[in-house]
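Participant: One file is attached below, query33.txt, containing compact mmCIF, C-alpha atoms.
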```txt
# COMPACT_ATOMS: atom_id res chain seq x y z
CA MET F 21 56.93 78.34 61.04
CA PRO F 22 53.62 78.18 59.14
CA LEU F 23 53.58 76.15 55.91
CA GLU F 24 51.97 78.70 53.63
CA THR F 25 53.99 78.04 50.49
CA LEU F 26 55.97 75.26 48.87
CA HIS F 27 59.12 77.24 49.70
CA ASP F 28 58.18 77.00 53.41
CA LEU F 29 57.73 73.23 53.08
CA LEU F 30 61.07 72.91 51.24
CA VAL F 31 62.87 74.76 54.07
CA HIS F 32 61.00 72.70 56.70
CA GLU F 33 62.08 69.43 55.05
CA LEU F 34 65.66 70.64 54.45
CA ARG F 35 65.91 71.41 58.20
CA ASP F 36 64.61 67.92 58.93
CA LEU F 37 67.35 66.42 56.71
CA HIS F 38 69.98 68.70 58.26
CA SER F 39 69.02 67.41 61.71
CA ALA F 40 68.98 63.82 60.38
CA GLU F 41 72.49 64.12 58.91
CA GLN F 42 73.85 65.69 62.10
CA GLN F 43 72.44 62.80 64.14
CA LEU F 44 74.15 60.40 61.71
CA LEU F 45 77.53 62.07 62.26
CA ASP F 46 77.32 60.77 65.85
CA ALA F 47 75.70 57.41 65.04
CA LEU F 48 77.81 56.15 62.10
CA PRO F 49 81.03 55.76 64.17
CA LEU F 50 79.05 53.59 66.63
CA LEU F 51 77.82 51.40 63.75
CA ALA F 52 81.36 51.15 62.33
CA GLU F 53 82.74 50.19 65.74
CA ALA F 54 80.08 47.53 66.27
CA ALA F 55 80.49 45.95 62.81
CA ASN F 56 82.09 42.52 62.70
CA SER F 57 83.09 42.36 59.01
CA ASP F 58 85.76 44.68 57.56
CA GLU F 59 83.55 45.30 54.51
CA LEU F 60 80.71 46.65 56.63
CA ARG F 61 83.04 48.75 58.83
CA THR F 62 84.56 50.31 55.70
CA LEU F 63 81.09 50.98 54.28
CA PHE F 64 79.98 52.84 57.42
CA THR F 65 83.25 54.81 57.60
CA LYS F 66 82.98 55.80 53.94
CA HIS F 67 79.36 56.86 54.46
CA LEU F 68 80.48 59.06 57.37
CA ASP F 69 82.70 61.01 54.92
CA GLU F 70 79.79 61.25 52.48
CA THR F 71 77.54 62.52 55.28
CA ARG F 72 79.97 65.41 55.93
CA GLY F 73 79.81 66.29 52.21
CA GLN F 74 76.01 66.09 52.26
CA LEU F 75 75.90 68.50 55.22
CA ASP F 76 78.14 70.88 53.25
CA ARG F 77 75.69 70.77 50.34
CA LEU F 78 72.79 71.51 52.68
CA ALA F 79 74.77 74.47 54.13
CA GLN F 80 75.27 75.83 50.58
CA ILE F 81 71.54 75.54 49.89
CA PHE F 82 70.50 77.26 53.15
CA GLN F 83 72.93 80.08 52.41
CA ALA F 84 71.62 80.54 48.86
CA LEU F 85 68.03 80.58 50.16
CA GLY F 86 68.93 83.00 52.98
CA GLU F 87 67.47 80.59 55.54
CA SER F 88 68.83 79.06 58.76
CA PRO F 89 69.41 75.28 58.92
CA GLU F 90 68.43 75.20 62.61
CA GLY F 91 65.03 74.88 64.24
CA LYS F 92 63.95 71.28 63.71
CA THR F 93 64.82 67.96 65.31
CA CYS F 94 64.26 65.01 63.01
CA LYS F 95 62.09 62.65 65.06
CA GLY F 96 62.14 60.02 62.33
CA MET F 97 65.93 59.70 62.44
CA GLN F 98 65.88 59.77 66.27
CA GLY F 99 63.70 56.64 66.22
CA LEU F 100 65.82 54.91 63.58
CA ILE F 101 69.05 55.58 65.46
CA GLN F 102 67.49 54.42 68.72
CA GLU F 103 66.66 51.13 66.96
CA ALA F 104 70.25 50.83 65.74
CA ARG F 105 71.59 51.49 69.26
CA GLU F 106 69.27 48.81 70.67
CA ALA F 107 70.55 46.34 68.06
CA ILE F 108 74.15 47.06 69.09
CA GLN F 109 73.28 46.48 72.75
CA GLU F 110 71.57 43.12 72.07
CA ASP F 111 73.31 39.97 73.17
CA ALA F 112 74.04 39.04 69.56
CA ASP F 113 76.19 36.61 67.60
CA PRO F 114 78.72 38.79 65.63
CA GLU F 115 77.47 37.64 62.22
CA VAL F 116 73.83 38.13 63.21
CA LEU F 117 74.70 41.58 64.58
CA ASP F 118 76.16 42.51 61.17
CA ALA F 119 72.87 41.48 59.53
CA ALA F 120 70.99 43.61 62.12
CA LEU F 121 73.29 46.59 61.43
CA ILE F 122 72.59 46.26 57.69
CA VAL F 123 68.82 46.36 58.41
CA ALA F 124 69.22 49.44 60.62
CA ALA F 125 71.41 51.20 58.03
CA GLN F 126 68.99 50.41 55.19
CA LYS F 127 66.13 51.95 57.17
CA VAL F 128 68.29 55.07 57.61
CA GLU F 129 69.14 55.17 53.89
CA HIS F 130 65.50 54.73 52.91
CA TYR F 131 64.51 57.60 55.21
CA GLU F 132 67.02 59.79 53.41
CA ILE F 133 66.03 58.55 49.94
CA ALA F 134 62.39 59.51 50.66
CA GLY F 135 63.43 62.86 52.18
CA TYR F 136 65.93 63.90 49.51
CA GLY F 137 63.61 62.67 46.74
CA SER F 138 60.91 65.01 48.06
CA VAL F 139 63.09 68.12 48.51
CA ARG F 140 64.68 67.56 45.09
CA THR F 141 61.16 67.54 43.53
CA PHE F 142 60.14 70.69 45.48
CA ALA F 143 63.35 72.55 44.51
CA GLN F 144 62.76 71.58 40.86
CA GLN F 145 59.13 72.77 41.06
CA LEU F 146 60.27 76.10 42.53
CA GLY F 147 62.91 76.58 39.81
CA TYR F 148 65.85 76.45 42.26
CA ALA F 149 68.33 74.97 39.77
CA ASP F 150 71.46 74.90 41.98
CA ALA F 151 69.61 73.37 44.92
CA THR F 152 68.04 70.76 42.62
CA ARG F 153 71.48 69.76 41.31
CA LEU F 154 73.03 69.52 44.81
CA LEU F 155 70.09 67.50 46.18
CA GLU F 156 70.21 65.18 43.15
CA GLN F 157 73.90 64.48 43.90
CA THR F 158 73.10 63.55 47.50
CA LEU F 159 70.13 61.43 46.42
CA ARG F 160 72.41 59.45 44.09
CA GLU F 161 74.90 58.86 46.93
CA GLU F 162 72.16 57.65 49.29
CA THR F 163 70.77 55.30 46.64
CA ALA F 164 74.27 53.95 45.92
CA THR F 165 74.85 53.32 49.65
CA ASP F 166 71.55 51.43 49.88
CA GLU F 167 72.61 49.30 46.89
CA LYS F 168 75.97 48.55 48.57
CA LEU F 169 74.09 47.46 51.72
CA ASN F 170 71.83 45.28 49.54
CA ARG F 171 74.89 43.63 48.00
CA ALA F 172 76.44 43.12 51.46
CA ALA F 173 73.21 41.41 52.60
CA GLU F 174 72.99 39.25 49.45
CA LYS F 175 76.64 38.24 49.73
CA ARG F 176 75.89 36.87 53.18
CA VAL F 177 73.04 34.84 51.65
CA ASN F 178 75.31 33.43 48.93
CA GLN F 179 78.12 32.64 51.36
CA ARG F 180 75.70 30.76 53.58
CA ALA F 181 74.26 28.85 50.60
CA ALA F 182 77.80 27.91 49.48
CA ALA F 183 78.72 26.80 53.02
CA ALA F 184 75.54 24.68 53.21
CA ALA F 185 76.30 23.06 49.81
CA GLU F 186 79.80 22.10 50.98
CA ALA F 187 78.65 20.74 54.31
CA PRO F 188 78.77 16.93 54.71
CA VAL F 189 75.36 15.40 53.95
CA MET V 20 65.45 38.04 73.34
CA PRO V 21 69.11 37.41 72.42
CA LEU V 22 70.00 37.49 68.71
CA GLU V 23 71.90 34.22 68.51
CA THR V 24 70.69 33.07 65.11
CA LEU V 25 69.29 34.52 61.90
CA HIS V 26 65.93 33.03 62.92
CA ASP V 27 66.04 35.20 66.08
CA LEU V 28 66.78 38.29 63.97
CA LEU V 29 63.97 37.42 61.54
CA VAL V 30 61.48 37.18 64.44
CA HIS V 31 62.84 40.39 65.98
CA GLU V 32 62.34 42.28 62.69
CA LEU V 33 58.92 40.72 62.03
CA ARG V 34 57.80 41.96 65.47
CA ASP V 35 59.12 45.41 64.58
CA LEU V 36 57.05 45.38 61.37
CA HIS V 37 53.99 44.05 63.24
CA SER V 38 54.23 46.99 65.65
CA ALA V 39 54.80 49.39 62.71
CA GLU V 40 51.68 48.15 60.88
CA GLN V 41 49.57 48.36 64.03
CA GLN V 42 50.65 51.97 64.55
CA LEU V 43 49.68 52.66 60.92
CA LEU V 44 46.17 51.29 61.51
CA ASP V 45 45.66 54.27 63.84
CA ALA V 46 47.60 56.84 61.81
CA LEU V 47 46.29 56.29 58.27
CA PRO V 48 42.72 57.47 59.08
CA LEU V 49 44.24 60.73 60.43
CA LEU V 50 46.20 61.21 57.20
CA ALA V 51 43.09 60.47 55.11
CA GLU V 52 41.03 62.95 57.15
CA ALA V 53 43.69 65.67 56.81
CA ALA V 54 44.14 65.22 53.03
CA ASN V 55 42.82 68.00 50.83
CA SER V 56 42.67 66.17 47.48
CA ASP V 57 40.26 63.29 46.87
CA GLU V 58 43.05 61.34 45.15
CA LEU V 59 45.26 61.44 48.24
CA ARG V 60 42.38 60.63 50.61
CA THR V 61 41.50 57.58 48.47
CA LEU V 62 45.14 56.50 48.40
CA PHE V 63 45.41 56.58 52.21
CA THR V 64 42.07 54.81 52.65
CA LYS V 65 43.07 52.08 50.19
CA HIS V 66 46.42 51.65 51.95
CA LEU V 67 44.56 51.20 55.25
CA ASP V 68 42.82 48.15 53.71
CA GLU V 69 46.18 46.86 52.46
CA THR V 70 47.68 47.35 55.93
CA ARG V 71 44.99 45.06 57.41
CA GLY V 72 45.91 42.42 54.81
CA GLN V 73 49.61 42.85 55.59
CA LEU V 74 48.92 42.31 59.32
CA ASP V 75 47.01 39.12 58.40
CA ARG V 76 50.05 37.88 56.47
CA LEU V 77 52.33 38.62 59.45
CA ALA V 78 49.91 36.72 61.72
CA GLN V 79 50.10 33.70 59.37
CA ILE V 80 53.90 33.81 59.45
CA PHE V 81 54.08 34.08 63.28
CA GLN V 82 51.69 31.14 63.57
CA ALA V 83 53.74 29.01 61.14
CA LEU V 84 56.95 29.85 63.04
CA GLY V 85 55.31 29.16 66.43
CA GLU V 86 56.30 32.64 67.63
CA SER V 87 54.36 35.50 69.22
CA PRO V 88 54.00 38.80 67.30
CA GLU V 89 54.14 40.82 70.52
CA GLY V 90 57.10 42.15 72.50
CA LYS V 91 58.49 45.01 70.42
CA THR V 92 57.50 48.63 69.85
CA CYS V 93 58.74 50.00 66.54
CA LYS V 94 60.54 53.22 67.53
CA GLY V 95 61.26 54.06 63.89
CA MET V 96 57.56 54.15 62.98
CA GLN V 97 56.76 56.07 66.21
CA GLY V 98 59.09 58.86 65.04
CA LEU V 99 57.71 58.85 61.49
CA ILE V 100 54.10 59.03 62.70
CA GLN V 101 54.97 61.81 65.14
CA GLU V 102 56.38 63.78 62.17
CA ALA V 103 53.16 63.18 60.22
CA ARG V 104 51.05 64.34 63.19
CA GLU V 105 53.15 67.49 63.50
CA ALA V 106 52.64 68.20 59.77
CA ILE V 107 48.86 67.88 60.23
CA GLN V 108 48.94 70.32 63.14
CA GLU V 109 50.95 72.96 61.23
CA ASP V 110 49.20 76.11 60.13
CA ALA V 111 49.36 75.00 56.50
CA ASP V 112 47.86 75.94 53.16
CA PRO V 113 45.69 72.93 52.10
CA GLU V 114 47.72 72.23 48.95
CA VAL V 115 51.04 72.54 50.82
CA LEU V 116 49.67 70.24 53.53
CA ASP V 117 48.94 67.60 50.85
CA ALA V 118 52.57 67.85 49.69
CA ALA V 119 53.70 67.48 53.34
CA LEU V 120 51.43 64.43 53.80
CA ILE V 121 52.96 62.83 50.68
CA VAL V 122 56.46 63.34 52.15
CA ALA V 123 55.39 61.82 55.48
CA ALA V 124 53.73 58.86 53.75
CA GLN V 125 56.76 58.21 51.53
CA LYS V 126 59.01 58.09 54.60
CA VAL V 127 56.62 55.52 56.09
CA GLU V 128 56.60 53.46 52.87
CA HIS V 129 60.40 53.56 52.63
CA TYR V 130 60.67 52.34 56.22
CA GLU V 131 58.48 49.39 55.30
CA ILE V 132 60.30 48.74 52.00
CA ALA V 133 63.62 48.52 53.90
CA GLY V 134 62.06 46.37 56.66
CA TYR V 135 60.16 43.93 54.41
CA GLY V 136 63.11 43.73 52.00
CA SER V 137 65.30 42.55 54.89
CA VAL V 138 62.89 39.99 56.36
CA ARG V 139 62.14 38.62 52.89
CA THR V 140 65.91 38.06 52.38
CA PHE V 141 66.28 36.43 55.82
CA ALA V 142 63.26 34.15 55.27
CA GLN V 143 64.69 33.13 51.88
CA GLN V 144 68.08 32.44 53.43
CA LEU V 145 66.47 30.28 56.12
CA GLY V 146 64.46 28.31 53.53
CA TYR V 147 61.07 29.49 54.86
CA ALA V 148 59.30 29.34 51.48
CA ASP V 149 55.77 30.32 52.60
CA ALA V 150 57.02 33.27 54.64
CA THR V 151 59.21 34.41 51.74
CA ARG V 152 56.20 34.37 49.39
CA LEU V 153 53.94 36.28 51.82
CA LEU V 154 56.63 38.89 52.57
CA GLU V 155 57.31 39.31 48.85
CA GLN V 156 53.58 40.08 48.30
CA THR V 157 53.65 42.77 50.97
CA LEU V 158 56.91 44.22 49.65
CA ARG V 159 55.31 44.55 46.19
CA GLU V 160 52.30 46.37 47.72
CA GLU V 161 54.52 48.80 49.65
CA THR V 162 56.61 49.55 46.54
CA ALA V 163 53.44 50.11 44.49
CA THR V 164 52.10 52.52 47.13
CA ASP V 165 55.36 54.47 47.08
CA GLU V 166 55.13 54.69 43.27
CA LYS V 167 51.54 55.99 43.54
CA LEU V 168 52.75 58.65 46.00
CA ASN V 169 55.55 59.56 43.56
CA ARG V 170 53.00 59.96 40.78
CA ALA V 171 50.75 62.10 43.03
CA ALA V 172 53.77 64.36 43.82
CA GLU V 173 54.81 64.61 40.14
CA LYS V 174 51.25 65.37 39.04
CA ARG V 175 51.30 68.38 41.38
CA VAL V 176 54.55 69.53 39.73
CA ASN V 177 53.07 69.22 36.23
CA GLN V 178 49.83 70.96 37.22
CA ARG V 179 51.82 73.88 38.65
CA ALA V 180 54.01 74.08 35.52
CA ALA V 181 50.89 74.13 33.31
CA ALA V 182 49.27 76.84 35.46
CA ALA V 183 52.47 78.93 35.29
CA ALA V 184 52.62 78.58 31.48
CA GLU V 185 49.01 79.79 31.17
CA ALA V 186 49.47 82.74 33.54
CA PRO V 187 49.52 86.22 31.95
CA VAL V 188 53.11 87.43 31.40
```
Just dump the structure as structure tokens.
Facilitator:
Amino acid sequence: MPLETLHDLLVHELRDLHSAEQQLLDALPLLAEAANSDELRTLFTKHLDETRGQLDRLAQIFQALGESPEGKTCKGMQGLIQEAREAIQEDADPEVLDAALIVAAQKVEHYEIAGYGSVRTFAQQLGYADATRLLEQTLREETATDEKLNRAAEKRVNQRAAAAAEAPV
Amino acid sequence: MPLETLHDLLVHELRDLHSAEQQLLDALPLLAEAANSDELRTLFTKHLDETRGQLDRLAQIFQALGESPEGKTCKGMQGLIQEAREAIQEDADPEVLDAALIVAAQKVEHYEIAGYGSVRTFAQQLGYADATRLLEQTLREETATDEKLNRAAEKRVNQRAAAAAEAPV
């Protein structure tokens, strides 16, 4: 598909995100299963539900644009998920594995934040009001998930600091 | 390398970022060459200089930790760069290609923001003050580059809106 217009690029990037979300449908249960802490497992499971909703929004947009969601494999997400799978297969301490899973998930979220931020701007520029609103909703969810992962990572830092302070000198 | 401790995970992720930055040394000149606007070409060229500085900082950290930077290929960045290469090879209108290059570059920056954010937190948690400071510097540069790319994307939106307002009705 040649990229002659901004509409073409919007569709191209929406297909990329559609492929990315579909890959995540398969990958998130693996992350949830590998997680050591209940908090992290719940976070991945909740994000799996959100991912289904985000795919529904993409389906609505493709339908409104009269375009097919198929035709692109997101290579970026393939690489990110491969990294996550490698982390799961490492011979890792459970707590260290959780930290590694947070890193992998934040890379995934940041991919989506960059992707959805771009398509939201393109949809806005093209005057596609409904698509802009739907993409803005997903962008807010992805940003909120990244913030939850940040808090999970920081909590680990604080817990460690507290444990160190209580340790016998 | 087993991930038994947070130090192991820090080294693992620093190697990932080292591989990512080295891949960018090769990719950024291609992005600069493909860019249509002078502003975007300058932005990519300037970020190439920053990337060299960021690799120097990583080298300092590996030396201080007594660890080797080699041993990992960043699959995430491989996928992101492959996407950027595919965008360059598309049969694209020059202005649309610039928008596509901005998307590709923002995905790269977000990968690095997630990666450096994590290693900065781990270094802090481990009490590695010099590494924390160096990683914080790089994180600030990556965030600033992403903001510049945001501004370049928004400027295109405003220019289009202005052109549309001036067009005969």
Participant: With all atoms listed in the file as the basis for distance, which of F:Glu174, F:Glu70, F:Glu24, F:Asp46 is at the shortest distance from Ile122 (chain F)?
Facilitator: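 Answer, going by the shortest atom-to-atom distance: F:Glu174.
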Participant: Report the distance between CA of Cys94 (chain F) and CA of Leu29 (chain V) in Å, rounded to one decimal place.
Facilitator: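 Computed distance, CA of Cys94 (chain F) to CA of Leu29 (chain V), equals 27.6 Å.
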Participant: Since chain V and chain F share a sequence, can you fit the second onto the first over all C-alpha atoms in order and output it as a compact mmCIF listing (two decimals) with C-alpha atoms, keeping the file's coordinate frame?
Facilitator:
```txt
# COMPACT_ATOMS: atom_id res chain seq x y z
CA MET F 21 65.47 38.03 73.36
CA PRO F 22 69.12 37.40 72.44
CA LEU F 23 70.00 37.49 68.73
CA GLU F 24 71.91 34.24 68.50
CA THR F 25 70.68 33.07 65.11
CA LEU F 26 69.29 34.50 61.90
CA HIS F 27 65.92 33.04 62.90
CA ASP F 28 66.02 35.20 66.07
CA LEU F 29 66.77 38.29 63.97
CA LEU F 30 63.95 37.41 61.53
CA VAL F 31 61.45 37.16 64.43
CA HIS F 32 62.82 40.39 65.97
CA GLU F 33 62.34 42.28 62.69
CA LEU F 34 58.91 40.72 62.02
CA ARG F 35 57.79 41.96 65.47
CA ASP F 36 59.11 45.40 64.58
CA LEU F 37 57.03 45.39 61.36
CA HIS F 38 53.98 44.06 63.23
CA SER F 39 54.23 46.99 65.65
CA ALA F 40 54.79 49.39 62.72
CA GLU F 41 51.68 48.16 60.87
CA GLN F 42 49.55 48.37 64.02
CA GLN F 43 50.65 51.97 64.55
CA LEU F 44 49.68 52.68 60.92
CA LEU F 45 46.16 51.32 61.48
CA ASP F 46 45.65 54.29 63.85
CA ALA F 47 47.61 56.85 61.82
CA LEU F 48 46.29 56.30 58.26
CA PRO F 49 42.72 57.49 59.07
CA LEU F 50 44.24 60.73 60.44
CA LEU F 51 46.21 61.21 57.20
CA ALA F 52 43.10 60.48 55.11
CA GLU F 53 41.06 62.96 57.14
CA ALA F 54 43.69 65.68 56.81
CA ALA F 55 44.16 65.24 53.04
CA ASN F 56 42.84 68.02 50.84
CA SER F 57 42.70 66.21 47.47
CA ASP F 58 40.28 63.32 46.86
CA GLU F 59 43.06 61.36 45.14
CA LEU F 60 45.27 61.46 48.22
CA ARG F 61 42.39 60.64 50.60
CA THR F 62 41.51 57.61 48.46
CA LEU F 63 45.16 56.53 48.40
CA PHE F 64 45.42 56.61 52.20
CA THR F 65 42.08 54.81 52.63
CA LYS F 66 43.09 52.10 50.16
CA HIS F 67 46.43 51.69 51.94
CA LEU F 68 44.56 51.22 55.23
CA ASP F 69 42.82 48.16 53.70
CA GLU F 70 46.18 46.88 52.45
CA THR F 71 47.67 47.37 55.92
CA ARG F 72 44.98 45.07 57.40
CA GLY F 73 45.91 42.43 54.79
CA GLN F 74 49.61 42.86 55.58
CA LEU F 75 48.91 42.31 59.29
CA ASP F 76 47.02 39.13 58.38
CA ARG F 77 50.05 37.88 56.45
CA LEU F 78 52.31 38.63 59.41
CA ALA F 79 49.88 36.71 61.69
CA GLN F 80 50.09 33.70 59.33
CA ILE F 81 53.90 33.82 59.43
CA PHE F 82 54.08 34.08 63.25
CA GLN F 83 51.70 31.13 63.54
CA ALA F 84 53.73 29.00 61.12
CA LEU F 85 56.94 29.86 63.02
CA GLY F 86 55.29 29.17 66.39
CA GLU F 87 56.29 32.64 67.61
CA SER F 88 54.35 35.51 69.20
CA PRO F 89 53.98 38.80 67.27
CA GLU F 90 54.12 40.81 70.51
CA GLY F 91 57.09 42.13 72.45
CA LYS F 92 58.48 45.01 70.41
CA THR F 93 57.49 48.62 69.85
CA CYS F 94 58.72 50.01 66.56
CA LYS F 95 60.53 53.21 67.53
CA GLY F 96 61.25 54.07 63.91
CA MET F 97 57.56 54.16 63.00
CA GLN F 98 56.75 56.07 66.22
CA GLY F 99 59.08 58.86 65.06
CA LEU F 100 57.71 58.86 61.52
CA ILE F 101 54.11 59.05 62.70
CA GLN F 102 54.97 61.80 65.16
CA GLU F 103 56.38 63.78 62.20
CA ALA F 104 53.17 63.19 60.24
CA ARG F 105 51.05 64.34 63.20
CA GLU F 106 53.16 67.50 63.52
CA ALA F 107 52.65 68.20 59.80
CA ILE F 108 48.87 67.89 60.23
CA GLN F 109 48.94 70.31 63.16
CA GLU F 110 50.96 72.95 61.26
CA ASP F 111 49.22 76.11 60.17
CA ALA F 112 49.37 75.01 56.54
CA ASP F 113 47.86 75.96 53.19
CA PRO F 114 45.70 72.93 52.11
CA GLU F 115 47.75 72.24 48.97
CA VAL F 116 51.04 72.56 50.85
CA LEU F 117 49.67 70.25 53.56
CA ASP F 118 48.95 67.61 50.88
CA ALA F 119 52.58 67.86 49.72
CA ALA F 120 53.70 67.48 53.38
CA LEU F 121 51.43 64.43 53.82
CA ILE F 122 52.96 62.84 50.70
CA VAL F 123 56.47 63.36 52.19
CA ALA F 124 55.40 61.82 55.51
CA ALA F 125 53.73 58.85 53.77
CA GLN F 126 56.76 58.23 51.55
CA LYS F 127 59.01 58.10 54.61
CA VAL F 128 56.62 55.52 56.09
CA GLU F 129 56.61 53.47 52.87
CA HIS F 130 60.40 53.58 52.64
CA TYR F 131 60.67 52.35 56.23
CA GLU F 132 58.49 49.40 55.30
CA ILE F 133 60.30 48.75 52.01
CA ALA F 134 63.63 48.52 53.90
CA GLY F 135 62.07 46.36 56.65
CA TYR F 136 60.16 43.95 54.41
CA GLY F 137 63.11 43.73 52.00
CA SER F 138 65.30 42.57 54.89
CA VAL F 139 62.89 40.00 56.37
CA ARG F 140 62.13 38.63 52.89
CA THR F 141 65.90 38.07 52.37
CA PHE F 142 66.27 36.43 55.82
CA ALA F 143 63.24 34.14 55.26
CA GLN F 144 64.69 33.14 51.86
CA GLN F 145 68.10 32.45 53.44
CA LEU F 146 66.46 30.27 56.11
CA GLY F 147 64.46 28.31 53.51
CA TYR F 148 61.07 29.49 54.83
CA ALA F 149 59.30 29.33 51.45
CA ASP F 150 55.77 30.33 52.56
CA ALA F 151 57.01 33.26 54.63
CA THR F 152 59.21 34.42 51.73
CA ARG F 153 56.22 34.39 49.37
CA LEU F 154 53.95 36.29 51.81
CA LEU F 155 56.63 38.90 52.56
CA GLU F 156 57.33 39.34 48.84
CA GLN F 157 53.61 40.09 48.28
CA THR F 158 53.65 42.78 50.97
CA LEU F 159 56.91 44.23 49.65
CA ARG F 160 55.34 44.59 46.20
CA GLU F 161 52.32 46.40 47.70
CA GLU F 162 54.54 48.81 49.65
CA THR F 163 56.62 49.55 46.56
CA ALA F 164 53.46 50.13 44.49
CA THR F 165 52.11 52.54 47.14
CA ASP F 166 55.39 54.48 47.09
CA GLU F 167 55.15 54.71 43.29
CA LYS F 168 51.56 56.00 43.55
CA LEU F 169 52.75 58.67 46.03
CA ASN F 170 55.57 59.56 43.60
CA ARG F 171 53.04 60.00 40.80
CA ALA F 172 50.80 62.11 43.07
CA ALA F 173 53.79 64.36 43.86
CA GLU F 174 54.84 64.61 40.19
CA LYS F 175 51.29 65.39 39.09
CA ARG F 176 51.34 68.38 41.42
CA VAL F 177 54.58 69.51 39.75
CA ASN F 178 53.06 69.19 36.26
CA GLN F 179 49.83 70.93 37.25
CA ARG F 180 51.81 73.83 38.67
CA ALA F 181 53.99 74.03 35.54
CA ALA F 182 50.86 74.05 33.34
CA ALA F 183 49.25 76.75 35.51
CA ALA F 184 52.43 78.86 35.29
CA ALA F 185 52.55 78.46 31.47
CA GLU F 186 48.94 79.67 31.17
CA ALA F 187 49.40 82.61 33.50
CA PRO F 188 49.44 86.07 31.85
CA VAL F 189 53.02 87.21 31.20
```
Participant: Using all atoms listed in the file and a cut-off of 6 Å, which residues of chain F sit close to chain V? Please list them as JSON, numbers by chain.
Facilitator: {"F": [22, 23, 24, 26, 95, 96, 99, 100, 111, 112, 113, 116, 126, 127, 130, 131, 134, 145, 177]}
Participant: Would you pick out the contacts of Gln83 (chain F) at 12 Å or less, using only C-alpha atoms, so that residues sharing its chain but fewer than 6 positions from it are not included, and give the list as a PDB file with C-alpha atoms, in the coordinates of the input?
Facilitator:
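Dumped everything to around.pdb:
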```pdb
ATOM      1  CA  VAL F  31      62.870  74.760  54.070  1.00  0.00           C
ATOM      2  CA  ASP F  76      78.140  70.880  53.250  1.00  0.00           C
ATOM      3  CA  ARG F  77      75.690  70.770  50.340  1.00  0.00           C
ATOM      4  CA  PRO F  89      69.410  75.280  58.920  1.00  0.00           C
ATOM      5  CA  ASP F 150      71.460  74.900  41.980  1.00  0.00           C
ATOM      6  CA  ALA F 151      69.610  73.370  44.920  1.00  0.00           C
TER       7      ALA F 151
END
```
Participant: Please report the interatomic distance between CA of Lys175 (chain F) and CA of Leu51 (chain F) in Å with one decimal.
Facilitator: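 Taking CA of Lys175 (chain F) and CA of Leu51 (chain F), their separation equals 19.3 Å.
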Participant: Using only C-alpha atoms, which protein or nucleic acid residues come within 12 Å of Ala148 (chain V)? Drop anything in the same chain fewer than 6 positions from it, and give the result as a ChimeraX atom specification.
Facilitator: /V:80,83-84,139-142,154-155
Participant: Need the neighbours of (78.9, 61.3, 64.3): which residues are at most 12 Å away, counting only C-alpha atoms, as a list in words?
Facilitator: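 Residues lying no farther than 12 Å from the given point: Ser39, Ala40, Glu41, Gln42, Gln43, Leu44, Leu45, Asp46, Ala47, Leu48, Pro49, Leu50, Leu51, Ala52, Glu53, Phe64, Thr65, His67, Leu68, Asp69, Glu70, Thr71, Arg72, Leu75 and Ile101 of chain F.
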Participant: Residues around (82.8, 46.7, 57.1), cut-off 10 Å, counting only C-alpha atoms - what are they as a PyMOL selection string?
Facilitator: chain F and resi 51-66+118+172
Participant: Would you work out the distance separating CA of Lys91 (chain V) from CA of Arg34 (chain V), expressed in Å to one decimal?
Facilitator: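 Going from CA of Lys91 (chain V) over to CA of Arg34 (chain V) covers 5.9 Å.
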